[in-house]
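Source file start11.txt; content: compact mmCIF, N, CA and C atoms and all ligand atoms.
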```
# COMPACT_ATOMS: atom_id res chain seq x y z
N MET A 80 0.84 -1.20 0.00
CA MET A 80 0.00 0.00 0.00
C MET A 80 0.87 1.25 0.00
N ARG A 81 1.79 1.31 1.01
CA ARG A 81 2.68 2.48 1.12
C ARG A 81 3.47 2.66 -0.15
N LYS A 82 3.90 1.53 -0.65
CA LYS A 82 4.74 1.58 -1.84
C LYS A 82 3.95 2.16 -3.03
N ALA A 83 2.70 1.72 -3.10
CA ALA A 83 1.86 2.22 -4.20
C ALA A 83 1.65 3.72 -4.07
N GLY A 84 1.47 4.17 -2.80
CA GLY A 84 1.26 5.61 -2.57
C GLY A 84 2.48 6.40 -2.99
N LEU A 85 3.64 5.90 -2.62
CA LEU A 85 4.89 6.57 -2.96
C LEU A 85 5.05 6.63 -4.48
N LEU A 86 4.77 5.54 -5.09
CA LEU A 86 4.90 5.46 -6.55
C LEU A 86 3.98 6.48 -7.21
N ALA A 87 2.73 6.56 -6.67
CA ALA A 87 1.77 7.51 -7.24
C ALA A 87 2.31 8.93 -7.09
N GLY A 88 2.91 9.22 -5.92
CA GLY A 88 3.48 10.54 -5.68
C GLY A 88 4.57 10.86 -6.67
N VAL A 89 5.44 9.91 -6.90
CA VAL A 89 6.54 10.12 -7.83
C VAL A 89 6.00 10.37 -9.25
N VAL A 90 5.03 9.58 -9.61
CA VAL A 90 4.45 9.72 -10.95
C VAL A 90 3.79 11.10 -11.08
N LEU A 91 3.06 11.51 -10.04
CA LEU A 91 2.38 12.80 -10.07
C LEU A 91 3.39 13.94 -10.20
N ALA A 92 4.46 13.88 -9.37
CA ALA A 92 5.49 14.93 -9.42
C ALA A 92 6.07 15.00 -10.83
N GLY A 93 6.30 13.86 -11.40
CA GLY A 93 6.85 13.81 -12.76
C GLY A 93 5.92 14.47 -13.76
N VAL A 94 4.65 14.16 -13.63
CA VAL A 94 3.66 14.71 -14.56
C VAL A 94 3.59 16.23 -14.42
N LEU A 95 3.56 16.72 -13.16
CA LEU A 95 3.47 18.17 -12.95
C LEU A 95 4.70 18.88 -13.50
N GLY A 96 5.86 18.33 -13.21
CA GLY A 96 7.10 18.93 -13.70
C GLY A 96 7.11 18.99 -15.22
N ALA A 97 6.72 17.89 -15.81
CA ALA A 97 6.71 17.81 -17.27
C ALA A 97 5.70 18.81 -17.84
N ALA A 98 4.57 18.96 -17.15
CA ALA A 98 3.54 19.88 -17.64
C ALA A 98 4.09 21.31 -17.68
N ALA A 99 4.80 21.71 -16.60
CA ALA A 99 5.36 23.06 -16.56
C ALA A 99 6.39 23.22 -17.67
N ALA A 100 7.24 22.24 -17.80
CA ALA A 100 8.30 22.33 -18.80
C ALA A 100 7.73 22.36 -20.20
N ARG A 101 6.54 21.83 -20.33
CA ARG A 101 5.99 21.71 -21.67
C ARG A 101 4.94 22.75 -22.02
N ALA A 102 4.90 23.85 -21.25
CA ALA A 102 3.90 24.87 -21.56
C ALA A 102 4.01 25.31 -23.02
N GLU A 103 5.23 25.51 -23.48
CA GLU A 103 5.44 25.94 -24.87
C GLU A 103 5.04 24.84 -25.85
N ASP A 104 5.48 23.62 -25.53
CA ASP A 104 5.08 22.48 -26.37
C ASP A 104 3.57 22.37 -26.39
N GLY A 105 2.96 22.71 -25.22
CA GLY A 105 1.50 22.63 -25.10
C GLY A 105 0.84 23.52 -26.13
N LYS A 106 1.38 24.71 -26.30
CA LYS A 106 0.83 25.63 -27.29
C LYS A 106 0.91 25.02 -28.69
N ALA A 107 2.06 24.44 -28.97
CA ALA A 107 2.24 23.82 -30.29
C ALA A 107 1.27 22.65 -30.46
N ALA A 108 1.06 21.91 -29.37
CA ALA A 108 0.14 20.77 -29.45
C ALA A 108 -1.29 21.26 -29.68
N MET A 109 -1.65 22.36 -29.01
CA MET A 109 -2.99 22.93 -29.22
C MET A 109 -3.16 23.36 -30.68
N ALA A 110 -2.12 24.01 -31.20
CA ALA A 110 -2.20 24.48 -32.59
C ALA A 110 -2.31 23.29 -33.54
N ALA A 111 -1.58 22.22 -33.21
CA ALA A 111 -1.64 21.03 -34.07
C ALA A 111 -3.04 20.43 -34.05
N ALA A 112 -3.64 20.40 -32.86
CA ALA A 112 -5.02 19.89 -32.76
C ALA A 112 -5.95 20.81 -33.54
N GLY A 113 -5.66 22.11 -33.47
CA GLY A 113 -6.49 23.09 -34.18
C GLY A 113 -6.39 22.94 -35.68
N GLU A 114 -5.23 22.50 -36.14
CA GLU A 114 -5.09 22.31 -37.58
C GLU A 114 -6.06 21.22 -38.06
N GLY A 115 -6.26 20.23 -37.21
CA GLY A 115 -7.23 19.18 -37.54
C GLY A 115 -8.63 19.75 -37.63
N VAL A 116 -8.99 20.60 -36.67
CA VAL A 116 -10.32 21.21 -36.67
C VAL A 116 -10.46 22.09 -37.91
N PHE A 117 -9.40 22.84 -38.23
CA PHE A 117 -9.40 23.72 -39.40
C PHE A 117 -9.58 22.90 -40.68
N ASN A 118 -8.80 21.84 -40.81
CA ASN A 118 -8.89 21.04 -42.04
C ASN A 118 -10.28 20.44 -42.21
N ALA A 119 -10.91 20.08 -41.10
CA ALA A 119 -12.22 19.45 -41.18
C ALA A 119 -13.33 20.47 -41.45
N ASN A 120 -13.16 21.71 -40.97
CA ASN A 120 -14.28 22.65 -41.02
C ASN A 120 -14.08 23.89 -41.87
N CYS A 121 -12.85 24.24 -42.15
CA CYS A 121 -12.59 25.56 -42.73
C CYS A 121 -11.79 25.50 -44.04
N HIS A 122 -10.96 24.48 -44.15
CA HIS A 122 -9.99 24.46 -45.24
C HIS A 122 -10.64 24.41 -46.63
N ALA A 123 -11.84 23.89 -46.71
CA ALA A 123 -12.52 23.83 -48.00
C ALA A 123 -12.65 25.23 -48.60
N CYS A 124 -12.75 26.23 -47.77
CA CYS A 124 -12.95 27.60 -48.25
C CYS A 124 -11.80 28.55 -47.90
N HIS A 125 -10.97 28.18 -46.94
CA HIS A 125 -9.91 29.09 -46.50
C HIS A 125 -8.55 28.45 -46.66
N SER A 126 -7.62 29.22 -47.22
CA SER A 126 -6.27 28.74 -47.38
C SER A 126 -5.42 29.23 -46.21
N ALA A 127 -4.41 28.44 -45.87
CA ALA A 127 -3.45 28.88 -44.85
C ALA A 127 -2.20 29.41 -45.56
N ASP A 128 -2.36 29.78 -46.82
CA ASP A 128 -1.28 30.35 -47.60
C ASP A 128 -1.58 31.85 -47.77
N PRO A 129 -0.65 32.73 -47.33
CA PRO A 129 -0.95 34.17 -47.31
C PRO A 129 -1.30 34.75 -48.67
N SER A 130 -0.79 34.14 -49.73
CA SER A 130 -0.99 34.75 -51.04
C SER A 130 -2.25 34.22 -51.72
N LYS A 131 -2.94 33.31 -51.06
CA LYS A 131 -4.08 32.68 -51.73
C LYS A 131 -5.40 32.96 -51.07
N ASN A 132 -6.27 33.66 -51.77
CA ASN A 132 -7.66 33.72 -51.36
C ASN A 132 -8.36 32.65 -52.18
N THR A 133 -9.08 31.78 -51.53
CA THR A 133 -9.82 30.76 -52.28
C THR A 133 -11.27 31.19 -52.31
N PHE A 134 -12.17 30.36 -51.81
CA PHE A 134 -13.56 30.80 -51.76
C PHE A 134 -13.72 31.85 -50.66
N GLY A 135 -12.94 31.73 -49.62
CA GLY A 135 -12.91 32.71 -48.54
C GLY A 135 -11.54 33.36 -48.50
N PRO A 136 -11.40 34.44 -47.71
CA PRO A 136 -10.10 35.12 -47.62
C PRO A 136 -9.06 34.26 -46.91
N SER A 137 -7.78 34.47 -47.23
CA SER A 137 -6.71 33.79 -46.50
C SER A 137 -6.81 34.18 -45.03
N LEU A 138 -6.57 33.23 -44.15
CA LEU A 138 -6.66 33.52 -42.72
C LEU A 138 -5.29 33.71 -42.08
N VAL A 139 -4.26 33.84 -42.91
CA VAL A 139 -2.94 34.11 -42.35
C VAL A 139 -2.93 35.53 -41.77
N GLY A 140 -2.55 35.65 -40.51
CA GLY A 140 -2.49 36.96 -39.86
C GLY A 140 -3.86 37.48 -39.45
N VAL A 141 -4.86 36.60 -39.42
CA VAL A 141 -6.22 37.08 -39.14
C VAL A 141 -6.38 37.59 -37.70
N VAL A 142 -5.63 37.00 -36.76
CA VAL A 142 -5.78 37.43 -35.37
C VAL A 142 -5.26 38.85 -35.22
N GLY A 143 -6.14 39.75 -34.78
CA GLY A 143 -5.78 41.15 -34.62
C GLY A 143 -6.09 42.01 -35.84
N ARG A 144 -6.51 41.36 -36.94
CA ARG A 144 -6.80 42.10 -38.17
C ARG A 144 -8.21 42.67 -38.11
N LYS A 145 -8.42 43.76 -38.83
CA LYS A 145 -9.77 44.33 -38.94
C LYS A 145 -10.59 43.42 -39.86
N ALA A 146 -11.82 43.17 -39.52
CA ALA A 146 -12.67 42.31 -40.35
C ALA A 146 -12.83 42.91 -41.74
N GLY A 147 -12.78 42.05 -42.75
CA GLY A 147 -13.03 42.51 -44.11
C GLY A 147 -11.93 43.37 -44.69
N SER A 148 -10.70 43.19 -44.23
CA SER A 148 -9.63 44.09 -44.65
C SER A 148 -8.53 43.43 -45.47
N GLN A 149 -8.70 42.16 -45.79
CA GLN A 149 -7.66 41.47 -46.58
C GLN A 149 -7.74 42.00 -48.02
N PRO A 150 -6.62 42.54 -48.55
CA PRO A 150 -6.67 43.04 -49.92
C PRO A 150 -6.95 41.90 -50.91
N ARG A 151 -7.44 42.23 -52.04
CA ARG A 151 -7.70 41.27 -53.11
C ARG A 151 -8.80 40.26 -52.77
N PHE A 152 -9.61 40.55 -51.75
CA PHE A 152 -10.75 39.67 -51.53
C PHE A 152 -12.02 40.50 -51.49
N LYS A 153 -13.04 40.01 -52.19
CA LYS A 153 -14.30 40.75 -52.28
C LYS A 153 -15.21 40.27 -51.16
N TYR A 154 -15.26 41.07 -50.09
CA TYR A 154 -16.09 40.72 -48.94
C TYR A 154 -17.53 41.17 -49.14
N SER A 155 -18.40 40.65 -48.29
CA SER A 155 -19.76 41.18 -48.24
C SER A 155 -19.69 42.57 -47.61
N LYS A 156 -20.64 43.40 -47.94
CA LYS A 156 -20.70 44.74 -47.35
C LYS A 156 -20.91 44.61 -45.84
N ALA A 157 -21.69 43.59 -45.45
CA ALA A 157 -22.00 43.40 -44.03
C ALA A 157 -20.73 43.20 -43.20
N LEU A 158 -19.81 42.39 -43.73
CA LEU A 158 -18.58 42.14 -42.97
C LEU A 158 -17.68 43.36 -42.99
N GLU A 159 -17.59 43.99 -44.17
CA GLU A 159 -16.76 45.20 -44.28
C GLU A 159 -17.24 46.29 -43.32
N ASP A 160 -18.55 46.39 -43.18
CA ASP A 160 -19.12 47.46 -42.34
C ASP A 160 -19.31 47.04 -40.88
N SER A 161 -18.87 45.84 -40.54
CA SER A 161 -19.17 45.32 -39.20
C SER A 161 -18.42 46.07 -38.10
N GLY A 162 -17.28 46.68 -38.46
CA GLY A 162 -16.49 47.39 -37.45
C GLY A 162 -15.75 46.44 -36.51
N LEU A 163 -15.77 45.15 -36.82
CA LEU A 163 -15.13 44.17 -35.93
C LEU A 163 -13.62 44.11 -36.15
N THR A 164 -12.92 43.79 -35.10
CA THR A 164 -11.51 43.41 -35.20
C THR A 164 -11.46 41.97 -34.72
N TRP A 165 -10.64 41.15 -35.39
CA TRP A 165 -10.59 39.73 -35.04
C TRP A 165 -9.75 39.46 -33.81
N THR A 166 -10.28 39.87 -32.66
CA THR A 166 -9.67 39.48 -31.38
C THR A 166 -10.01 38.01 -31.17
N GLU A 167 -9.35 37.39 -30.20
CA GLU A 167 -9.67 35.99 -29.92
C GLU A 167 -11.14 35.85 -29.50
N ASP A 168 -11.66 36.82 -28.74
CA ASP A 168 -13.05 36.75 -28.30
C ASP A 168 -14.01 36.81 -29.49
N ASN A 169 -13.72 37.73 -30.43
CA ASN A 169 -14.61 37.83 -31.60
C ASN A 169 -14.50 36.59 -32.49
N LEU A 170 -13.29 36.05 -32.59
CA LEU A 170 -13.14 34.82 -33.39
C LEU A 170 -13.93 33.68 -32.76
N ARG A 171 -13.94 33.65 -31.43
CA ARG A 171 -14.69 32.61 -30.73
C ARG A 171 -16.19 32.74 -31.05
N LEU A 172 -16.70 33.99 -31.01
CA LEU A 172 -18.11 34.22 -31.34
C LEU A 172 -18.40 33.81 -32.78
N TRP A 173 -17.45 34.14 -33.66
CA TRP A 173 -17.61 33.86 -35.10
C TRP A 173 -17.69 32.36 -35.37
N ILE A 174 -16.77 31.59 -34.77
CA ILE A 174 -16.79 30.16 -35.08
C ILE A 174 -17.90 29.43 -34.32
N ALA A 175 -18.40 30.07 -33.24
CA ALA A 175 -19.52 29.45 -32.52
C ALA A 175 -20.83 29.68 -33.29
N ASP A 176 -20.92 30.83 -33.97
CA ASP A 176 -22.16 31.15 -34.70
C ASP A 176 -21.93 32.43 -35.52
N ASN A 177 -21.29 32.27 -36.68
CA ASN A 177 -20.91 33.46 -37.46
C ASN A 177 -22.11 34.29 -37.92
N THR A 178 -23.21 33.63 -38.23
CA THR A 178 -24.35 34.40 -38.76
C THR A 178 -25.10 35.15 -37.65
N ALA A 179 -24.84 34.78 -36.39
CA ALA A 179 -25.41 35.59 -35.29
C ALA A 179 -24.57 36.85 -35.11
N LEU A 180 -23.24 36.70 -35.31
CA LEU A 180 -22.34 37.86 -35.14
C LEU A 180 -22.52 38.86 -36.28
N VAL A 181 -22.56 38.35 -37.51
CA VAL A 181 -22.73 39.22 -38.70
C VAL A 181 -23.80 38.56 -39.58
N PRO A 182 -25.07 38.94 -39.34
CA PRO A 182 -26.18 38.24 -40.00
C PRO A 182 -26.09 38.14 -41.53
N GLN A 183 -25.59 39.19 -42.20
CA GLN A 183 -25.60 39.16 -43.66
C GLN A 183 -24.27 38.66 -44.26
N THR A 184 -23.45 38.01 -43.48
CA THR A 184 -22.16 37.56 -44.02
C THR A 184 -22.38 36.54 -45.14
N ARG A 185 -21.41 36.48 -46.05
CA ARG A 185 -21.48 35.51 -47.14
C ARG A 185 -20.94 34.15 -46.70
N MET A 186 -20.30 34.10 -45.53
CA MET A 186 -19.76 32.80 -45.10
C MET A 186 -20.89 31.91 -44.62
N ARG A 187 -20.87 30.70 -45.10
CA ARG A 187 -21.89 29.72 -44.70
C ARG A 187 -21.89 29.59 -43.18
N HIS A 188 -23.03 29.24 -42.64
CA HIS A 188 -23.13 29.12 -41.19
C HIS A 188 -22.19 28.05 -40.64
N VAL A 189 -21.38 28.40 -39.65
CA VAL A 189 -20.61 27.38 -38.92
C VAL A 189 -20.99 27.48 -37.45
N ALA A 190 -20.92 26.36 -36.77
CA ALA A 190 -21.27 26.33 -35.36
C ALA A 190 -20.38 25.31 -34.66
N ILE A 191 -19.23 25.77 -34.20
CA ILE A 191 -18.36 24.91 -33.40
C ILE A 191 -18.59 25.29 -31.95
N ALA A 192 -19.43 24.51 -31.29
CA ALA A 192 -19.86 24.87 -29.94
C ALA A 192 -18.89 24.37 -28.88
N ASP A 193 -18.12 23.36 -29.20
CA ASP A 193 -17.22 22.74 -28.23
C ASP A 193 -16.08 23.69 -27.86
N LYS A 194 -15.98 24.03 -26.57
CA LYS A 194 -15.01 25.02 -26.11
C LYS A 194 -13.57 24.57 -26.40
N ALA A 195 -13.28 23.30 -26.21
CA ALA A 195 -11.93 22.80 -26.46
C ALA A 195 -11.58 22.95 -27.95
N GLN A 196 -12.53 22.60 -28.80
CA GLN A 196 -12.29 22.73 -30.25
C GLN A 196 -12.08 24.19 -30.63
N GLN A 197 -12.84 25.08 -30.00
CA GLN A 197 -12.66 26.52 -30.25
C GLN A 197 -11.25 26.94 -29.85
N ASP A 198 -10.81 26.49 -28.67
CA ASP A 198 -9.47 26.85 -28.19
C ASP A 198 -8.40 26.34 -29.16
N TYR A 199 -8.54 25.12 -29.61
CA TYR A 199 -7.56 24.55 -30.54
C TYR A 199 -7.51 25.37 -31.83
N LEU A 200 -8.70 25.66 -32.33
CA LEU A 200 -8.78 26.38 -33.60
C LEU A 200 -8.15 27.78 -33.46
N ILE A 201 -8.42 28.45 -32.36
CA ILE A 201 -7.86 29.79 -32.15
C ILE A 201 -6.35 29.71 -31.99
N ALA A 202 -5.87 28.67 -31.31
CA ALA A 202 -4.41 28.49 -31.19
C ALA A 202 -3.81 28.30 -32.58
N TYR A 203 -4.50 27.55 -33.42
CA TYR A 203 -4.00 27.34 -34.78
C TYR A 203 -4.01 28.65 -35.58
N LEU A 204 -5.11 29.40 -35.50
CA LEU A 204 -5.18 30.68 -36.23
C LEU A 204 -4.08 31.62 -35.75
N ASN A 205 -3.79 31.59 -34.44
CA ASN A 205 -2.71 32.40 -33.89
C ASN A 205 -1.35 32.02 -34.47
N SER A 206 -1.22 30.77 -34.87
CA SER A 206 0.08 30.31 -35.39
C SER A 206 0.26 30.64 -36.86
N LEU A 207 -0.79 31.13 -37.52
CA LEU A 207 -0.71 31.46 -38.96
C LEU A 207 -0.19 32.88 -39.11
N LYS A 208 1.12 32.99 -39.26
CA LYS A 208 1.66 34.35 -39.35
C LYS A 208 2.44 34.52 -40.63
C1 LIG B 1 -18.34 27.45 -47.29
C2 LIG B 1 -17.12 28.21 -47.25
C3 LIG B 1 -16.56 28.62 -45.89
C4 LIG B 1 -16.31 27.81 -44.80
C5 LIG B 1 -16.57 26.32 -44.64
C6 LIG B 1 -15.70 28.66 -43.80
N1 LIG B 1 -15.61 29.94 -44.27
FE1 LIG B 1 -14.85 31.55 -43.26
N2 LIG B 1 -15.39 32.78 -44.79
C7 LIG B 1 -15.95 32.37 -45.99
C8 LIG B 1 -16.29 33.54 -46.78
C9 LIG B 1 -16.95 33.54 -48.16
C10 LIG B 1 -15.89 34.66 -46.01
C11 LIG B 1 -16.12 36.12 -46.33
C12 LIG B 1 -17.43 36.49 -45.67
C13 LIG B 1 -18.00 37.84 -46.02
O1 LIG B 1 -17.42 38.57 -46.83
O2 LIG B 1 -19.07 38.15 -45.47
C14 LIG B 1 -15.32 34.14 -44.78
C15 LIG B 1 -14.79 34.93 -43.77
C16 LIG B 1 -14.14 34.45 -42.64
C17 LIG B 1 -13.46 35.25 -41.66
C18 LIG B 1 -13.30 36.76 -41.70
C19 LIG B 1 -11.96 37.06 -42.35
C20 LIG B 1 -11.66 38.50 -42.59
O3 LIG B 1 -10.66 38.76 -43.29
O4 LIG B 1 -12.38 39.39 -42.10
C21 LIG B 1 -12.96 34.41 -40.71
C22 LIG B 1 -12.16 34.79 -39.47
C23 LIG B 1 -13.34 33.08 -41.10
N3 LIG B 1 -14.06 33.13 -42.27
C24 LIG B 1 -13.01 31.95 -40.38
C25 LIG B 1 -13.48 30.68 -40.70
C26 LIG B 1 -13.21 29.52 -39.88
C27 LIG B 1 -12.33 29.51 -38.64
C28 LIG B 1 -13.86 28.48 -40.47
C29 LIG B 1 -13.97 27.05 -39.96
C30 LIG B 1 -14.55 26.88 -38.67
C31 LIG B 1 -14.53 28.98 -41.66
N4 LIG B 1 -14.26 30.32 -41.76
C32 LIG B 1 -15.28 28.23 -42.56
C33 LIG B 1 -16.19 31.07 -46.38
C34 LIG B 1 -16.12 29.96 -45.55
```
Representation of the structure as C-alpha cells:
Amino acid sequence: MRKAGLLAGVVLAGVLGAAAARAEDGKAAMAAAGEGVFNANCHACHSADPSKNTFGPSLVGVVGRKAGSQPRFKYSKALEDSGLTWTEDNLRLWIADNTALVPQTRMRHVAIADKAQQDYLIAYLNSLK
C-alpha cells in the first residue's frame, strides 16, 4: 500500500514537472489539434497560404486584423461594415455562430460549440503568421 502511494506521488510529481516544462510544447500541441479542426471545417474555403484567397479570404495573420480588410478579396458589405476586429473573443463568437455575429455575411453558417475545439482552432489561427 505504502509503496503504491509513494509510486503515485513520484508519478504525479513527474507529470506536474513535465507539464510546466511543456507549456510551450503545449501551445504547439494545441495548434496542431487546431489544424485538424481547421482542415475538417474551414480548409474547403480558406487557405493557410498568405498569397491565396480561395472561396474565402486567407486567414494568415487574421488574429488582430480588422474584419473585411484582406486586400484582393471581395467581402460582403455586411462584414466590411461590421467594425469588428478579429480578437480571440470575436473569433470565438464567429466560429460558434458566425451568422449571429454578422447576420448578412457571405460565409456559410458554422457552429463549433465545443469550447476545447474553439481553443484549438484559435491556437492554430494564432500560429498562422
Ligand atoms: C463554405 C465556405 C466557408 C467555410 C466552410 C468557412 N468559411 Fe470563413 N469565410 C468564408 C467567406 C466567403 C468569407 C467572407 C465572408 C463575407 O465577406 O461576409 C469568410 C470569412 C471568414 C473570416 C473573416 C476574415 C476577414 O478577413 O475578415 C474568418 C475569421 C473566417 N471566415 C473563419 C473561418 C473559420 C475559422 C472556419 C472554420 C470553422 C470557416 N471560416 C469556414 C467562407 C467559408
Report task. For each of A:Ala175, A:Ala190, A:Leu163, A:Ala127, take the minimum atom-to-atom distance to A:Val139, counting only C-alpha atoms, then give the residue where this is smallest. Result -> A:Ala127
**Report entry** 5 Å shell around ligand LIG 1 (chain B) using all atoms listed in the file, listed as a list in words
**Finding:** Asn120, Cys121, Cys124, Phe134, Gly135, Pro136, Lys145, Ala146, Gly147, Ser148, Gln149, Tyr154, Ser155, Leu158, Thr184, Arg185, Met186 and Arg187 of chain A
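Here atom N of A:Gly162 is placed at a distance of 16.9 Å from atom C of A:Pro150.
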Report task. Once DSSP has gone over the backbone, tell me which residues of stretch 80-204 of chain A are in helix (DSSP H, G or I), as a PyMOL selection string. Result -> chain A and resi 81-100+102-120+156-159+167-180+194-204
Requested in this report: Can you work out the spacing between atom C of A:Ser130 and atom N of A:Phe152 in Å, to one decimal?
Outcome: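 One can read the atom C of A:Ser130 to atom N of A:Phe152 distance as 9.7 Å.
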Stretch 147-150 of chain A: axis-aligned bounding box, 3 Å on each side, centre and edge lengths in Å, one decimal, as AutoDock Vina command-line options:
```
--center_x -9.8 --center_y 42.8 --center_z -46.8 --size_x 12.4 --size_y 8.6 --size_z 14.2
```
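Between atom N of A:Asp104 and atom CA of A:Ile191 the separation is 25.1 Å.
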Expected residue set, 6.5 Å radius at (-1.9, 27.3, -34.6), all atoms listed in the file, as a tab-separated table (two decimals) with N, CA and C atoms, keeping the file's coordinate frame:
```
chain	number	residue	atom	x	y	z
A	109	MET	N	-1.65	22.36	-29.01
A	109	MET	CA	-2.99	22.93	-29.22
A	109	MET	C	-3.16	23.36	-30.68
A	110	ALA	N	-2.12	24.01	-31.20
A	110	ALA	CA	-2.20	24.48	-32.59
A	110	ALA	C	-2.31	23.29	-33.54
A	111	ALA	N	-1.58	22.22	-33.21
A	111	ALA	CA	-1.64	21.03	-34.07
A	111	ALA	C	-3.04	20.43	-34.05
A	113	GLY	N	-5.66	22.11	-33.47
A	113	GLY	CA	-6.49	23.09	-34.18
A	113	GLY	C	-6.39	22.94	-35.68
A	114	GLU	N	-5.23	22.50	-36.14
A	114	GLU	CA	-5.09	22.31	-37.58
A	114	GLU	C	-6.06	21.22	-38.06
A	200	LEU	N	-8.70	25.66	-32.33
A	200	LEU	CA	-8.78	26.38	-33.60
A	200	LEU	C	-8.15	27.78	-33.46
A	201	ILE	N	-8.42	28.45	-32.36
A	201	ILE	CA	-7.86	29.79	-32.15
A	201	ILE	C	-6.35	29.71	-31.99
A	202	ALA	N	-5.87	28.67	-31.31
A	202	ALA	CA	-4.41	28.49	-31.19
A	202	ALA	C	-3.81	28.30	-32.58
A	203	TYR	N	-4.50	27.55	-33.42
A	203	TYR	CA	-4.00	27.34	-34.78
A	203	TYR	C	-4.01	28.65	-35.58
A	204	LEU	N	-5.11	29.40	-35.50
A	204	LEU	CA	-5.18	30.68	-36.23
A	204	LEU	C	-4.08	31.62	-35.75
A	205	ASN	N	-3.79	31.59	-34.44
A	205	ASN	CA	-2.71	32.40	-33.89
A	205	ASN	C	-1.35	32.02	-34.47
A	206	SER	N	-1.22	30.77	-34.87
A	206	SER	CA	0.08	30.31	-35.39
A	206	SER	C	0.26	30.64	-36.86
A	207	LEU	N	-0.79	31.13	-37.52
A	207	LEU	CA	-0.71	31.46	-38.96
A	207	LEU	C	-0.19	32.88	-39.11
```
Report task. Determine the nearest neighbour of A:Tyr199 from the options A:Lys131, A:Ala112, A:Lys153, A:Gly140, counting only C-alpha atoms. Result -> A:Ala112
Export of stretch 112-124 of chain A: N, CA, C and O atoms, as a short mmCIF file (atom, residue, chain, number, x, y, z; two decimals), in the first residue's frame:
```cif
data_model
loop_
_atom_site.label_atom_id
_atom_site.label_comp_id
_atom_site.auth_asym_id
_atom_site.auth_seq_id
_atom_site.Cartn_x
_atom_site.Cartn_y
_atom_site.Cartn_z
N ALA A 112 -3.64 20.40 -32.86
CA ALA A 112 -5.02 19.89 -32.76
C ALA A 112 -5.95 20.81 -33.54
O ALA A 112 -6.88 20.36 -34.21
N GLY A 113 -5.66 22.11 -33.47
CA GLY A 113 -6.49 23.09 -34.18
C GLY A 113 -6.39 22.94 -35.68
O GLY A 113 -7.36 23.22 -36.40
N GLU A 114 -5.23 22.50 -36.14
CA GLU A 114 -5.09 22.31 -37.58
C GLU A 114 -6.06 21.22 -38.06
O GLU A 114 -6.63 21.32 -39.14
N GLY A 115 -6.26 20.23 -37.21
CA GLY A 115 -7.23 19.18 -37.54
C GLY A 115 -8.63 19.75 -37.63
O GLY A 115 -9.38 19.44 -38.56
N VAL A 116 -8.99 20.60 -36.67
CA VAL A 116 -10.32 21.21 -36.67
C VAL A 116 -10.46 22.09 -37.91
O VAL A 116 -11.49 22.09 -38.59
N PHE A 117 -9.40 22.84 -38.23
CA PHE A 117 -9.40 23.72 -39.40
C PHE A 117 -9.58 22.90 -40.68
O PHE A 117 -10.42 23.24 -41.53
N ASN A 118 -8.80 21.84 -40.81
CA ASN A 118 -8.89 21.04 -42.04
C ASN A 118 -10.28 20.44 -42.21
O ASN A 118 -10.79 20.35 -43.32
N ALA A 119 -10.91 20.08 -41.10
CA ALA A 119 -12.22 19.45 -41.18
C ALA A 119 -13.33 20.47 -41.45
O ALA A 119 -14.32 20.15 -42.10
N ASN A 120 -13.16 21.71 -40.97
CA ASN A 120 -14.28 22.65 -41.02
C ASN A 120 -14.08 23.89 -41.87
O ASN A 120 -15.05 24.57 -42.19
N CYS A 121 -12.85 24.24 -42.15
CA CYS A 121 -12.59 25.56 -42.73
C CYS A 121 -11.79 25.50 -44.04
O CYS A 121 -11.92 26.39 -44.88
N HIS A 122 -10.96 24.48 -44.15
CA HIS A 122 -9.99 24.46 -45.24
C HIS A 122 -10.64 24.41 -46.63
O HIS A 122 -10.04 24.87 -47.60
N ALA A 123 -11.84 23.89 -46.71
CA ALA A 123 -12.52 23.83 -48.00
C ALA A 123 -12.65 25.23 -48.60
O ALA A 123 -12.61 25.40 -49.82
N CYS A 124 -12.75 26.23 -47.77
CA CYS A 124 -12.95 27.60 -48.25
C CYS A 124 -11.80 28.55 -47.90
O CYS A 124 -11.74 29.65 -48.44
#
```
